[in-house]
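Novice: Once you've had a glance at the structure underneath, I'll fire off some questions.
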Amino acid sequence: MAQLFFGYFAGVIALTAVLVVALKNPIYSALSLLVMFFHVAGLYVTLHAEFLAAVQIIVYAGAILVLYLFVVMLLNVKRDDRYHGQWRIAGFVCIPLLLEFMILLAGGIAASPGPVPAESTGGVTGGNTLAIGETLFSTYLFPFEVASLILLVAMIGAIILAKRDVGGDAPQ
Amino acid sequence: MTELGLRLAVSLAQIAAVMGIVMLTVLFLTLAERKVLGWMQDRMGPMEVGPYGILQPIADAIKLFFKEDIIPAGANKFLFSMAPILALVPALIGFAVIPFGPDQTIKVFGISVKPFVISDINIGILYILAFTSIGAYGIILGGWASNSKYSLLGGLRSAAQIISYELNVGLAIVGVLIMAGSLSLVKITEAQAGGFWHWYVFAFPAPQIFAFVVFVISSVAETNRVPFDLPEAESELVAGFFTEYSGMRFAFFFLAEYANMVLVSCVAAAMFLGGWNAPYPGTILGLLGLESFAWAEGVAWFTVKVYGFLFLFFWLRATLPRLRYDQLMKFGWKVMLPIALGNIVVTALAVFIYQQMK
């Protein structure tokens with residue numbers, strides 16, 4: 001049953017991820033991304049990480065993608081072909097990546113059969129959110145704070161960039 | 001397998017019951033809003049259909065059902081049809097985790113069922129936040145797919161507004177979450193039992209009054225109601241994102257707006273006002289020796305609280321003029337957000353000190 005669900009979610013994620021870059025209408029791309037976010041959240045649920053699943057939807061589907069759509073609609077790009085004539089560059093980048101991936105995969109199978117991580121997350125039912133909080137604020141406190149600092153810097157940068165035009169005589 | 005089938009049947013019955021109640025409430029609300037607005041403006045409201053106009057919602061439903069369904073030329077047909085569904089489904093899905101009454105379990109054919117909540121999941125409130133944020137897609141896509149400038153402007157306004165105010169809703173409830181120590185709405189409600197001084201608006205270590213005010217104002221903004229109904233401002237945008245919609249598709253947007261109103265009222269009642277808990281300890285029916293009927297009192301109190309909020313929505317609509325767009329954004333980011341953040345800091349400190357003192 002779990003395998004079946006994983007297969008479904010993984011399949012849809014792969015398909016919609018391809019569609020995001022393959023579709024010509026940017027709105028459809030964004031919607032395909034939305035479907036993908038939902039299936040990633042579904043994958044989290046099958047791994048008993050409900051908190052992550054909810055946060056995934058709230059942050060990515062509920063906020064970030066809405067902003068994307070906002071921008072896409074504001075620019076009102078109709079079928080834009082500019083980004084679809086880059087097969088050579090794409091091939092140049094992707095073929096080495098694919099080769100590396102396959103080599104890694106082959107090596108990985110030979111090296112370790114991958115011990116299945118048992119459902120050790122949470123432990124107590126409902127301790128999922130608690131477990132994430134405790135790990136985040138003890139084991140990974142430093143990376144967590146660094147990440148939040150980076151986000152803060154990015155936010156300040158965005159505000160400064162946006163504010164420059166308000167002065168009136170902004171250089172176009 | 002039979003047990004699974006039975007569980008499925010029971011769940012479906014519960015879902016059908018909740019959906020039915022929500023739809024009836026929405027039907028009633030459309031009438032109640034017009035009546036309340038009428039009384040506040042010193043007129044009668046709808047009086048023609050049925051005695052005292054009470055059959056007006058049914059007449060409206062029939063009218064909408066038989067209206068011509070127009071898809072404007074140049075509209076994106078697929079998204080134009082998808083958008084109303086995308087708006088309505090998230091509004092209805094949220095009711096799955098709302099506790100309507102006491103957390104009891106009854107046995108139905110050998111399996112235990114909680115009659116007053118469809119599903120008590122650990123992340124209940126996050127689940128609701130997640131799906132209300134999805135509701136924005138219906139509005140945005142509806143605005144875009146209509147291929148009309150009024151619709152597009154309405155959709156864009158809605159996108160900005162929902163993102164801004166969703167943040168405030170999320171931050172406002174953090175104080176309650178700190179005090180309850182749980183994300184499950186059932187547990188949050190249960191922690192508020194025993195009198196109105198235990199409700200989180202008034203509860204001891206850190207009363208959530210400010211968070212409550214922020215939550216209510218932001219919910220009004222999130223449901224696109226007056227005075228925050230910029231996405232459908234009729235004096236500037238015709239009807240905003242649903243300008244081009246007619247018939248049943250329009251009815252879906254309408255239903256979604258009212259279902260969202262009911263949902264945020266339920267959440268506000270459950271998070272801040274003790275949910276189904278009476279404002280006094282215990283229940284009157286329990287004192288009278290009718291312990292097995294005490295749930296009815298709980299459900300009645302929940303209904304009273306929810307309708308109180310819904311009345312507030314109408315009251316605001318009758319009283320306040322619409323905000324200007326920049327005022328709306330300024331208010332959300334420069335007034336509500338700092339209050340909500342300050343509330344989190346104060347609550348966290350208060351709860352920490354309180355726990356150390358114990």
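Just remember, in the structure tokens the first chain shown is A, the second B, etc., residues are 1-based per chain, and ligands are 1-based in the order shown.
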Using only C-alpha atoms, which residues sit within 10 Å of stretch 315-318 of chain B once same-chain residues fewer than 2 positions away are excluded, as a PDB file with N, CA and C atoms, in the first residue's frame?
Specialist:
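Ended up saving to selection.pdb:
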ATOM      1  N   GLU B  33     -28.216  38.039   6.036  1.00  0.00           N
ATOM      2  CA  GLU B  33     -27.447  39.241   5.733  1.00  0.00           C
ATOM      3  C   GLU B  33     -28.363  40.340   5.197  1.00  0.00           C
ATOM      4  N   VAL B  36     -30.581  41.600   8.089  1.00  0.00           N
ATOM      5  CA  VAL B  36     -29.860  42.399   9.083  1.00  0.00           C
ATOM      6  C   VAL B  36     -29.487  43.752   8.498  1.00  0.00           C
ATOM      7  N   LEU B  37     -28.978  43.732   7.255  1.00  0.00           N
ATOM      8  CA  LEU B  37     -28.646  45.000   6.597  1.00  0.00           C
ATOM      9  C   LEU B  37     -29.876  45.872   6.478  1.00  0.00           C
ATOM     10  N   GLY B  38     -30.992  45.226   6.139  1.00  0.00           N
ATOM     11  CA  GLY B  38     -32.235  45.971   6.000  1.00  0.00           C
ATOM     12  C   GLY B  38     -32.620  46.649   7.297  1.00  0.00           C
ATOM     13  N   TRP B  39     -32.594  45.885   8.400  1.00  0.00           N
ATOM     14  CA  TRP B  39     -32.984  46.475   9.682  1.00  0.00           C
ATOM     15  C   TRP B  39     -32.034  47.596  10.082  1.00  0.00           C
ATOM     16  N   MET B  40     -30.733  47.386   9.821  1.00  0.00           N
ATOM     17  CA  MET B  40     -29.787  48.423  10.204  1.00  0.00           C
ATOM     18  C   MET B  40     -29.985  49.690   9.386  1.00  0.00           C
ATOM     19  N   GLN B  41     -30.499  49.543   8.166  1.00  0.00           N
ATOM     20  CA  GLN B  41     -30.724  50.714   7.322  1.00  0.00           C
ATOM     21  C   GLN B  41     -32.183  51.139   7.368  1.00  0.00           C
ATOM     22  N   VAL B 220     -11.713  38.965   8.393  1.00  0.00           N
ATOM     23  CA  VAL B 220     -12.623  39.743   7.548  1.00  0.00           C
ATOM     24  C   VAL B 220     -11.918  40.086   6.241  1.00  0.00           C
ATOM     25  N   ARG B 225     -14.476  40.576   2.754  1.00  0.00           N
ATOM     26  CA  ARG B 225     -15.714  41.214   3.161  1.00  0.00           C
ATOM     27  C   ARG B 225     -15.472  42.706   3.401  1.00  0.00           C
ATOM     28  N   VAL B 226     -16.561  43.478   3.363  1.00  0.00           N
ATOM     29  CA  VAL B 226     -16.475  44.893   3.714  1.00  0.00           C
ATOM     30  C   VAL B 226     -15.915  44.975   5.133  1.00  0.00           C
ATOM     31  N   PRO B 227     -15.026  45.891   5.491  1.00  0.00           N
ATOM     32  CA  PRO B 227     -14.492  46.987   4.685  1.00  0.00           C
ATOM     33  C   PRO B 227     -13.241  46.626   3.868  1.00  0.00           C
ATOM     34  N   PHE B 228     -12.970  45.327   3.735  1.00  0.00           N
ATOM     35  CA  PHE B 228     -11.764  44.932   3.002  1.00  0.00           C
ATOM     36  C   PHE B 228     -12.119  44.286   1.668  1.00  0.00           C
ATOM     37  N   ASP B 229     -13.241  44.643   1.065  1.00  0.00           N
ATOM     38  CA  ASP B 229     -13.660  43.932  -0.142  1.00  0.00           C
ATOM     39  C   ASP B 229     -13.117  44.596  -1.404  1.00  0.00           C
ATOM     40  N   PHE B 309     -20.257  35.695  15.555  1.00  0.00           N
ATOM     41  CA  PHE B 309     -19.252  36.193  14.614  1.00  0.00           C
ATOM     42  C   PHE B 309     -19.871  36.565  13.283  1.00  0.00           C
ATOM     43  N   LEU B 310     -20.788  35.718  12.814  1.00  0.00           N
ATOM     44  CA  LEU B 310     -21.401  36.006  11.521  1.00  0.00           C
ATOM     45  C   LEU B 310     -22.176  37.321  11.575  1.00  0.00           C
ATOM     46  N   PHE B 311     -22.823  37.559  12.730  1.00  0.00           N
ATOM     47  CA  PHE B 311     -23.518  38.829  12.877  1.00  0.00           C
ATOM     48  C   PHE B 311     -22.531  39.985  12.816  1.00  0.00           C
ATOM     49  N   LEU B 312     -21.341  39.778  13.408  1.00  0.00           N
ATOM     50  CA  LEU B 312     -20.308  40.817  13.363  1.00  0.00           C
ATOM     51  C   LEU B 312     -19.948  41.169  11.917  1.00  0.00           C
ATOM     52  N   PHE B 313     -19.864  40.131  11.064  1.00  0.00           N
ATOM     53  CA  PHE B 313     -19.573  40.372   9.648  1.00  0.00           C
ATOM     54  C   PHE B 313     -20.621  41.309   9.034  1.00  0.00           C
ATOM     55  N   LEU B 320     -19.157  50.173   8.106  1.00  0.00           N
ATOM     56  CA  LEU B 320     -17.887  50.768   7.704  1.00  0.00           C
ATOM     57  C   LEU B 320     -17.805  50.992   6.207  1.00  0.00           C
ATOM     58  N   PRO B 321     -17.165  52.096   5.793  1.00  0.00           N
ATOM     59  CA  PRO B 321     -16.893  52.292   4.369  1.00  0.00           C
ATOM     60  C   PRO B 321     -15.656  51.497   3.958  1.00  0.00           C
ATOM     61  N   ARG B 322     -15.498  51.301   2.669  1.00  0.00           N
ATOM     62  CA  ARG B 322     -14.371  50.504   2.175  1.00  0.00           C
ATOM     63  C   ARG B 322     -13.057  51.261   2.347  1.00  0.00           C
TER      64      ARG B 322
END
Novice: Give me, as a tab-separated table (two decimals) with C-alpha atoms, in the first residue's frame, the contact residues of chain A against chain B at a cut-off of 12 Å, counting only C-alpha atoms.
Specialist:
chain	number	residue	atom	x	y	z
A	25	ASN	CA	1.73	29.10	-21.08
A	27	ILE	CA	0.09	30.23	-15.98
A	28	TYR	CA	-0.20	26.54	-16.75
A	30	ALA	CA	2.58	27.72	-12.30
A	31	LEU	CA	-0.49	25.51	-11.89
A	34	LEU	CA	0.96	23.84	-7.62
A	35	VAL	CA	-0.02	20.23	-8.30
A	37	PHE	CA	3.68	21.00	-4.31
A	38	PHE	CA	0.56	19.14	-3.27
A	41	ALA	CA	3.09	17.33	0.66
A	45	VAL	CA	2.19	12.59	4.81
A	48	HIS	CA	4.31	10.60	8.82
A	49	ALA	CA	5.62	14.16	8.63
A	50	GLU	CA	2.25	15.92	8.72
A	51	PHE	CA	3.72	19.15	10.03
A	52	LEU	CA	6.10	19.41	7.09
A	53	ALA	CA	3.27	18.62	4.71
A	54	ALA	CA	1.11	21.43	6.08
A	55	VAL	CA	4.01	23.88	6.09
A	56	GLN	CA	4.87	22.87	2.55
A	57	ILE	CA	1.39	23.83	1.39
A	58	ILE	CA	1.12	27.00	3.49
A	59	VAL	CA	4.52	28.38	2.48
A	60	TYR	CA	5.00	27.19	-1.08
A	61	ALA	CA	1.51	26.74	-2.46
A	62	GLY	CA	-0.19	29.38	-0.33
A	63	ALA	CA	2.33	32.20	-0.46
A	64	ILE	CA	5.25	31.82	-2.84
A	65	LEU	CA	3.33	30.46	-5.80
A	66	VAL	CA	0.61	33.08	-5.38
A	67	LEU	CA	3.35	35.69	-5.70
A	68	TYR	CA	4.63	33.96	-8.84
A	69	LEU	CA	1.15	34.01	-10.33
A	70	PHE	CA	0.84	37.64	-9.32
A	71	VAL	CA	3.98	38.54	-11.23
A	72	VAL	CA	3.11	36.40	-14.24
A	73	MET	CA	-0.33	37.99	-14.51
A	74	LEU	CA	1.00	41.48	-13.98
A	75	LEU	CA	3.50	41.04	-16.80
A	76	ASN	CA	0.76	39.32	-18.79
A	77	VAL	CA	3.18	37.15	-20.71
A	78	LYS	CA	1.26	35.30	-23.32
A	122	GLY	CA	7.98	11.48	16.32
A	124	VAL	CA	4.84	9.38	20.23
A	125	THR	CA	1.82	9.92	18.06
A	126	GLY	CA	1.35	13.63	17.64
A	127	GLY	CA	4.91	14.36	18.67
A	128	ASN	CA	5.77	15.15	15.08
A	129	THR	CA	5.61	18.92	15.47
A	130	LEU	CA	7.27	18.66	18.89
A	133	GLY	CA	10.76	21.89	17.08
Novice: Check the smallest atom-to-atom distance from each of B:Ala269, B:Leu4, B:Leu237, B:Val108 to B:Val201 using only C-alpha atoms, then report the winner.
Specialist: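 Looking at the shortest contact to B:Val201, the residue is B:Ala269.
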Novice: What gap, in Å, lies between atom CA of B:Phe272 and atom CA of B:Ala203?
Specialist: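 Answer for the atom CA of B:Phe272 to atom CA of B:Ala203 separation: 9.5 Å.
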Novice: Tell me, in Å to one decimal, how far atom CA of A:Gln3 is from atom CA of A:Tyr44.
Specialist: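 Atom CA of A:Tyr44 lies at a distance of 13.7 Å from atom CA of A:Gln3.
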Novice: Tell me, which residues of stretch 89-208 of chain B carry DSSP helix (DSSP H, G or I), written as a VMD selection string?
Specialist: chain B and resid 89 to 97 124 to 145 149 to 180 185 to 190 196 to 198
Novice: To one decimal place in Å, what is the distance between atom CA of B:Phe65 and atom CA of B:Phe253?
Specialist: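 Result for atom CA of B:Phe65 versus atom CA of B:Phe253: 13.6 Å, one decimal.
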Novice: Restricting the calculation to only C-alpha atoms: of B:Met179, B:Leu337, B:Leu255, B:Leu273, which residue gets closest to B:Thr303?
Specialist: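 Smallest distance to B:Thr303 is found for B:Leu273.
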